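Here is the structure we will look at, set down as structure tokens.
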Amino acid sequence: MKMPVYSVSQVNGHIRDLLDADPALSGLFIRGELSNYKMYPSGHHYFSLKDEGGSLRCVMFRREASMLRFKPQNGMKAVAFGRVAVYPRDGQYQLYVTTLTPDGVGDLHEAFERLKEKLSAKGYFDEAHKKPIPQFPRRIALVTSPAGAAVRDMIRILGARWPMAQVYVVPCRVQGAEAPGEIAAAIAWVNAQSAADVIITGRGGGSMEDLWCFNDELVADAIYASHIPVISAVGHEPDVTIADYVADLRAATPSNAAELAVPDQSEQYERLAQLTRRLGKAMDHRLTGARAELERASRSRLLQDPMTWVGDRRMLLDRQRDRLCRGLQMSLGVHREDMARLSASLDALSPLKVLGRGYSIAYGPRGVVKSKKDVKSGETLKLKVSDGDISCVVKE
């Protein structure tokens with residue numbers, strides 16, 4: 001019987017399929033010591049996990065590596081989560097890592113998540129509560145350790161960028177069990193004294209345990225209660241603490257916090273120079289237009305012969321007067337015609353016209369006599385005729 005012959009790719013592919021089909025290898029946590037850790041320009045991380053009995057090759061791709069919250073170093077104890085698979089080209093199995101955490105920080109991470117959820121529910125992280133950072137602060141309070149390199153970097157950068165600001169260092173511990181209370185008290189003191197326009201609190205990089213004081217609820221309460229804007233500057237860019245979430249602005253590093261707190265004086269000088277140039281051009285343009293307008297006005301007929309304007313207005317006044325007279329005459333004519341028509345109508349209805357035709361009007365003691373019932377025998381009546389009145393007595 002002839003035995004089949006397989007290619008290398010077929011064998012590696014078969015082994016890969018076997019490992020992929022094993023659910024136990026599709027997602028597992030592995031503890032070990034980091035070794036041969038390398039970060040490539042592509043963003044992928046390659047390293048090994050080893051213990052006293054063996055070594056396991058690992059790879060973490062750029063997307064997962066970008067979410068690291070610490071800086072891995074050779075010799076560090078860590079816990080990796082991922083799947084075991086074969087890379088067919090090399091024929092070697094390796095762990096494809098999706099998450100990597102320092103060994104021993106699991107409890108700290110759980111405490112961090114609990115406090116984060118609690119403060120989020122209380123509204124500590126709401127954008128509506130964030131206060132704007134003043135554009136040109138006059139006083140800056142650095143709530144940090146006075147002995148660390150971070151405070152020296154901040155003072156140097158603040159002095160170079162905006163020397164007009166006064167910088168105060170409010171000393172406190174930024175590591176250890178007493179640190180949260182001292183940080184909170186320092187922030188409260190700056191607020192009580194209104195000693196600054198902006199507060200920067202933080203420290204340089206370190207392990208999660210070193211930075212843990214900025215994950216304390218005391219510090220979160222102090223930052224949230226501060227009426228002065230607070231910039232959080234804890235560790236390096238991957239380091240994220242509760243203070244970063246509560247603060248009005250989060251800086252990647254203490255040096256970055258100094259850059260965010262004040263403007264750059266050289267940029268402001270350049271901006272002022274640009275505004276000066278723009279103002280000069282605008283004034284030149286305005287003056288050029290005013291000169292042209294003055295020149296046009298100086299050539300106008302009005303300035304050369306002011307009486308021309310008076311003559312034009314006199315002619316306009318004459319025309320207006322003629323129009324007014326014609327209007328009045330037309331209006332009077334219409335009213336005269338209306339009056340004549342109404343007078344004729346009134347005259348036609350006048351009782352004097354009736355009297356002129358031989359009629360008379362009889363007035364008794366009780367007014368105009370309209371019926372024989374209006375008078376009694378012996379009463380005196382007054383007859384009104386066209387040329388006067390006649391008195392008479394009723395006989396019957």
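Residues in the structure tokens are named by chain (A, B, ... in the order shown) and by number from 1 within that chain; ligands are numbered from 1 in the order shown.
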
Sel. of helix (DSSP H, G or I) residues, range 112-175 of chain A, as a PDB file with N, CA and C atoms, in the first residue's frame:
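Final file, result-v6.pdb:
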ATOM      1  N   PHE A 112     -11.348  49.514  40.488  1.00  0.00           N
ATOM      2  CA  PHE A 112     -11.418  50.672  39.586  1.00  0.00           C
ATOM      3  C   PHE A 112     -12.752  50.711  38.841  1.00  0.00           C
ATOM      4  N   GLU A 113     -13.160  49.567  38.300  1.00  0.00           N
ATOM      5  CA  GLU A 113     -14.403  49.509  37.541  1.00  0.00           C
ATOM      6  C   GLU A 113     -15.614  49.777  38.428  1.00  0.00           C
ATOM      7  N   ARG A 114     -15.607  49.266  39.660  1.00  0.00           N
ATOM      8  CA  ARG A 114     -16.727  49.514  40.576  1.00  0.00           C
ATOM      9  C   ARG A 114     -16.858  51.001  40.898  1.00  0.00           C
ATOM     10  N   LEU A 115     -15.729  51.641  41.217  1.00  0.00           N
ATOM     11  CA  LEU A 115     -15.777  53.068  41.545  1.00  0.00           C
ATOM     12  C   LEU A 115     -16.159  53.890  40.316  1.00  0.00           C
ATOM     13  N   LYS A 116     -15.653  53.508  39.167  1.00  0.00           N
ATOM     14  CA  LYS A 116     -15.996  54.208  37.934  1.00  0.00           C
ATOM     15  C   LYS A 116     -17.496  54.148  37.671  1.00  0.00           C
ATOM     16  N   GLU A 117     -18.079  52.975  37.842  1.00  0.00           N
ATOM     17  CA  GLU A 117     -19.527  52.817  37.628  1.00  0.00           C
ATOM     18  C   GLU A 117     -20.322  53.630  38.650  1.00  0.00           C
ATOM     19  N   LYS A 118     -19.875  53.641  39.894  1.00  0.00           N
ATOM     20  CA  LYS A 118     -20.571  54.383  40.951  1.00  0.00           C
ATOM     21  C   LYS A 118     -20.564  55.881  40.670  1.00  0.00           C
ATOM     22  N   LEU A 119     -19.375  56.423  40.339  1.00  0.00           N
ATOM     23  CA  LEU A 119     -19.268  57.871  40.099  1.00  0.00           C
ATOM     24  C   LEU A 119     -19.976  58.275  38.810  1.00  0.00           C
ATOM     25  N   SER A 120     -19.959  57.389  37.827  1.00  0.00           N
ATOM     26  CA  SER A 120     -20.677  57.692  36.588  1.00  0.00           C
ATOM     27  C   SER A 120     -22.168  57.815  36.848  1.00  0.00           C
ATOM     28  N   ALA A 121     -22.707  56.940  37.693  1.00  0.00           N
ATOM     29  CA  ALA A 121     -24.130  57.006  38.030  1.00  0.00           C
ATOM     30  C   ALA A 121     -24.466  58.287  38.786  1.00  0.00           C
ATOM     31  N   GLU A 127     -20.429  65.749  30.825  1.00  0.00           N
ATOM     32  CA  GLU A 127     -19.804  66.880  30.141  1.00  0.00           C
ATOM     33  C   GLU A 127     -20.415  68.210  30.586  1.00  0.00           C
ATOM     34  N   ALA A 128     -21.692  68.183  30.974  1.00  0.00           N
ATOM     35  CA  ALA A 128     -22.350  69.426  31.398  1.00  0.00           C
ATOM     36  C   ALA A 128     -21.702  70.009  32.644  1.00  0.00           C
ATOM     37  N   HIS A 129     -21.010  69.156  33.425  1.00  0.00           N
ATOM     38  CA  HIS A 129     -20.370  69.642  34.656  1.00  0.00           C
ATOM     39  C   HIS A 129     -18.951  70.157  34.405  1.00  0.00           C
ATOM     40  N   ALA A 149      10.154  64.828  39.274  1.00  0.00           N
ATOM     41  CA  ALA A 149      10.580  65.432  38.014  1.00  0.00           C
ATOM     42  C   ALA A 149       9.410  66.082  37.293  1.00  0.00           C
ATOM     43  N   ALA A 150       8.190  65.594  37.545  1.00  0.00           N
ATOM     44  CA  ALA A 150       7.016  66.124  36.854  1.00  0.00           C
ATOM     45  C   ALA A 150       6.799  67.596  37.173  1.00  0.00           C
ATOM     46  N   VAL A 151       6.972  67.989  38.447  1.00  0.00           N
ATOM     47  CA  VAL A 151       6.727  69.379  38.811  1.00  0.00           C
ATOM     48  C   VAL A 151       7.771  70.299  38.183  1.00  0.00           C
ATOM     49  N   ARG A 152       9.009  69.809  38.077  1.00  0.00           N
ATOM     50  CA  ARG A 152      10.047  70.628  37.440  1.00  0.00           C
ATOM     51  C   ARG A 152       9.748  70.825  35.954  1.00  0.00           C
ATOM     52  N   ASP A 153       9.279  69.758  35.307  1.00  0.00           N
ATOM     53  CA  ASP A 153       8.923  69.884  33.883  1.00  0.00           C
ATOM     54  C   ASP A 153       7.777  70.875  33.698  1.00  0.00           C
ATOM     55  N   MET A 154       6.783  70.814  34.567  1.00  0.00           N
ATOM     56  CA  MET A 154       5.634  71.718  34.432  1.00  0.00           C
ATOM     57  C   MET A 154       6.048  73.169  34.648  1.00  0.00           C
ATOM     58  N   ILE A 155       6.866  73.418  35.673  1.00  0.00           N
ATOM     59  CA  ILE A 155       7.309  74.792  35.943  1.00  0.00           C
ATOM     60  C   ILE A 155       8.136  75.319  34.768  1.00  0.00           C
ATOM     61  N   ARG A 156       9.006  74.467  34.227  1.00  0.00           N
ATOM     62  CA  ARG A 156       9.823  74.899  33.089  1.00  0.00           C
ATOM     63  C   ARG A 156       8.968  75.233  31.870  1.00  0.00           C
ATOM     64  N   ILE A 157       7.997  74.386  31.560  1.00  0.00           N
ATOM     65  CA  ILE A 157       7.160  74.611  30.380  1.00  0.00           C
ATOM     66  C   ILE A 157       6.251  75.824  30.576  1.00  0.00           C
ATOM     67  N   LEU A 158       5.677  75.961  31.778  1.00  0.00           N
ATOM     68  CA  LEU A 158       4.810  77.112  32.046  1.00  0.00           C
ATOM     69  C   LEU A 158       5.601  78.418  31.932  1.00  0.00           C
ATOM     70  N   GLY A 159       6.839  78.418  32.453  1.00  0.00           N
ATOM     71  CA  GLY A 159       7.664  79.621  32.373  1.00  0.00           C
ATOM     72  C   GLY A 159       8.043  79.974  30.953  1.00  0.00           C
ATOM     73  N   ALA A 160       8.269  78.947  30.134  1.00  0.00           N
ATOM     74  CA  ALA A 160       8.661  79.210  28.744  1.00  0.00           C
ATOM     75  C   ALA A 160       7.472  79.653  27.901  1.00  0.00           C
ATOM     76  N   ARG A 161       6.309  79.057  28.147  1.00  0.00           N
ATOM     77  CA  ARG A 161       5.142  79.354  27.302  1.00  0.00           C
ATOM     78  C   ARG A 161       4.413  80.619  27.741  1.00  0.00           C
TER      79      ARG A 161
END

Next item on the list: Extract, using only C-alpha atoms, all DNA, RNA and protein residues at most 7 Å from Phe47 in chain A, discarding same-chain residues fewer than 4 positions from it, and format them as a list in words.
Entry: Leu34, Ser35, Asn36, Tyr37, Lys38, Arg57, Cys58 and Val59 of chain A

Note to self: Give me, as a list in words, all polymer residues having an atom no more than 10 Å from Ile361 in chain A, counting only C-alpha atoms and skipping those fewer than 4 positions away in the same chain.
What the structure shows: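 Here the answer would be Pro351, Val354, Leu355, Val368, Val369, Lys370, Leu381, Lys382, Leu383, Lys384, Val385, Ser386 and Asp389 of chain A.
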
Selected residues written out, all heavy atoms, as a tab-separated table (two decimals), in the first residue's frame:
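Dumped to part-v5.tsv:
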chain	number	residue	atom	x	y	z
A	351	PRO	N	-90.19	124.98	3.82
A	351	PRO	CA	-91.62	125.34	4.01
A	351	PRO	C	-91.91	126.76	3.54
A	351	PRO	O	-93.06	127.08	3.23
A	351	PRO	CB	-91.80	125.19	5.52
A	351	PRO	CG	-90.44	125.28	6.11
A	351	PRO	CD	-89.53	124.74	5.08
A	354	VAL	N	-93.48	126.71	0.20
A	354	VAL	CA	-94.91	126.35	0.25
A	354	VAL	C	-95.76	127.56	0.61
A	354	VAL	O	-96.83	127.82	0.04
A	354	VAL	CB	-95.13	125.21	1.26
A	354	VAL	CG1	-96.62	124.85	1.36
A	354	VAL	CG2	-94.30	123.99	0.87
A	355	LEU	N	-95.26	128.35	1.59
A	355	LEU	CA	-96.00	129.55	2.00
A	355	LEU	C	-96.08	130.54	0.87
A	355	LEU	O	-97.08	131.28	0.71
A	355	LEU	CB	-95.31	130.18	3.23
A	355	LEU	CG	-95.29	129.34	4.51
A	355	LEU	CD1	-94.54	130.09	5.61
A	355	LEU	CD2	-96.71	129.02	4.97
A	368	VAL	N	-98.07	123.14	16.24
A	368	VAL	CA	-98.60	123.19	14.87
A	368	VAL	C	-99.91	122.42	14.83
A	368	VAL	O	-100.03	121.31	15.36
A	368	VAL	CB	-97.58	122.58	13.88
A	368	VAL	CG1	-98.17	122.56	12.46
A	368	VAL	CG2	-96.28	123.37	13.90
A	369	VAL	N	-100.95	123.07	14.18
A	369	VAL	CA	-102.27	122.45	14.06
A	369	VAL	C	-102.26	121.57	12.83
A	369	VAL	O	-102.10	122.06	11.70
A	369	VAL	CB	-103.38	123.52	13.96
A	369	VAL	CG1	-104.74	122.84	13.79
A	369	VAL	CG2	-103.35	124.41	15.20
A	370	LYS	N	-102.40	120.25	13.08
A	370	LYS	CA	-102.44	119.30	11.98
A	370	LYS	C	-103.85	118.76	11.75
A	370	LYS	O	-104.11	118.18	10.69
A	370	LYS	CB	-101.48	118.15	12.25
A	370	LYS	CG	-100.01	118.57	12.39
A	370	LYS	CD	-99.14	117.38	12.68
A	370	LYS	CE	-97.67	117.77	12.82
A	370	LYS	NZ	-96.82	116.62	13.14
A	381	LEU	N	-105.27	131.41	17.50
A	381	LEU	CA	-104.29	130.76	16.64
A	381	LEU	C	-103.42	131.81	15.99
A	381	LEU	O	-103.82	132.95	15.81
A	381	LEU	CB	-104.97	129.93	15.56
A	381	LEU	CG	-105.89	128.78	16.04
A	381	LEU	CD1	-106.48	128.07	14.83
A	381	LEU	CD2	-105.15	127.82	16.92
A	382	LYS	N	-102.21	131.38	15.58
A	382	LYS	CA	-101.31	132.25	14.84
A	382	LYS	C	-101.07	131.61	13.49
A	382	LYS	O	-100.60	130.48	13.40
A	382	LYS	CB	-99.98	132.43	15.58
A	382	LYS	CG	-99.04	133.39	14.85
A	382	LYS	CD	-97.81	133.70	15.68
A	382	LYS	CE	-96.98	132.44	15.86
A	382	LYS	NZ	-95.68	132.72	16.52
A	383	LEU	N	-101.42	132.32	12.45
A	383	LEU	CA	-101.24	131.83	11.09
A	383	LEU	C	-99.98	132.45	10.53
A	383	LEU	O	-99.82	133.67	10.51
A	383	LEU	CB	-102.44	132.19	10.22
A	383	LEU	CG	-103.80	131.58	10.63
A	383	LEU	CD1	-104.88	132.03	9.68
A	383	LEU	CD2	-103.73	130.08	10.67
A	384	LYS	N	-99.10	131.59	10.07
A	384	LYS	CA	-97.85	132.07	9.49
A	384	LYS	C	-98.00	132.02	7.98
A	384	LYS	O	-98.26	130.97	7.39
A	384	LYS	CB	-96.66	131.19	9.91
A	384	LYS	CG	-95.33	131.76	9.46
A	384	LYS	CD	-94.20	130.99	10.09
A	384	LYS	CE	-92.85	131.61	9.76
A	384	LYS	NZ	-92.70	132.94	10.32
A	385	VAL	N	-97.86	133.18	7.35
A	385	VAL	CA	-97.94	133.29	5.90
A	385	VAL	C	-96.59	133.73	5.38
A	385	VAL	O	-95.66	133.93	6.16
A	385	VAL	CB	-99.07	134.27	5.48
A	385	VAL	CG1	-100.44	133.72	5.90
A	385	VAL	CG2	-98.82	135.64	6.13
A	386	SER	N	-96.48	133.92	4.07
A	386	SER	CA	-95.17	134.18	3.46
A	386	SER	C	-94.56	135.49	3.92
A	386	SER	O	-93.33	135.62	3.95
A	386	SER	CB	-95.29	134.17	1.93
A	386	SER	OG	-96.17	135.21	1.52
A	389	ASP	N	-97.08	137.03	10.28
A	389	ASP	CA	-97.99	136.23	11.08
A	389	ASP	C	-99.34	136.94	11.21
A	389	ASP	O	-99.40	138.19	11.23
A	389	ASP	CB	-97.39	136.00	12.50
A	389	ASP	CG	-96.10	135.24	12.42
A	389	ASP	OD1	-95.91	134.47	11.45
A	389	ASP	OD2	-95.26	135.38	13.36

Notebook entry, point to check: Interatomic distance between CA of Pro137 in chain A and CA of Glu267 in chain A?
Noted result: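 Separating CA of Pro137 in chain A from CA of Glu267 in chain A is a distance of 15.9 Å.
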
Check: Which is closest to Ala220 in chain A among A:Leu275, A:Lys122, A:Met208, A:Asn191, if we use only C-alpha atoms?
Finding: A:Lys122
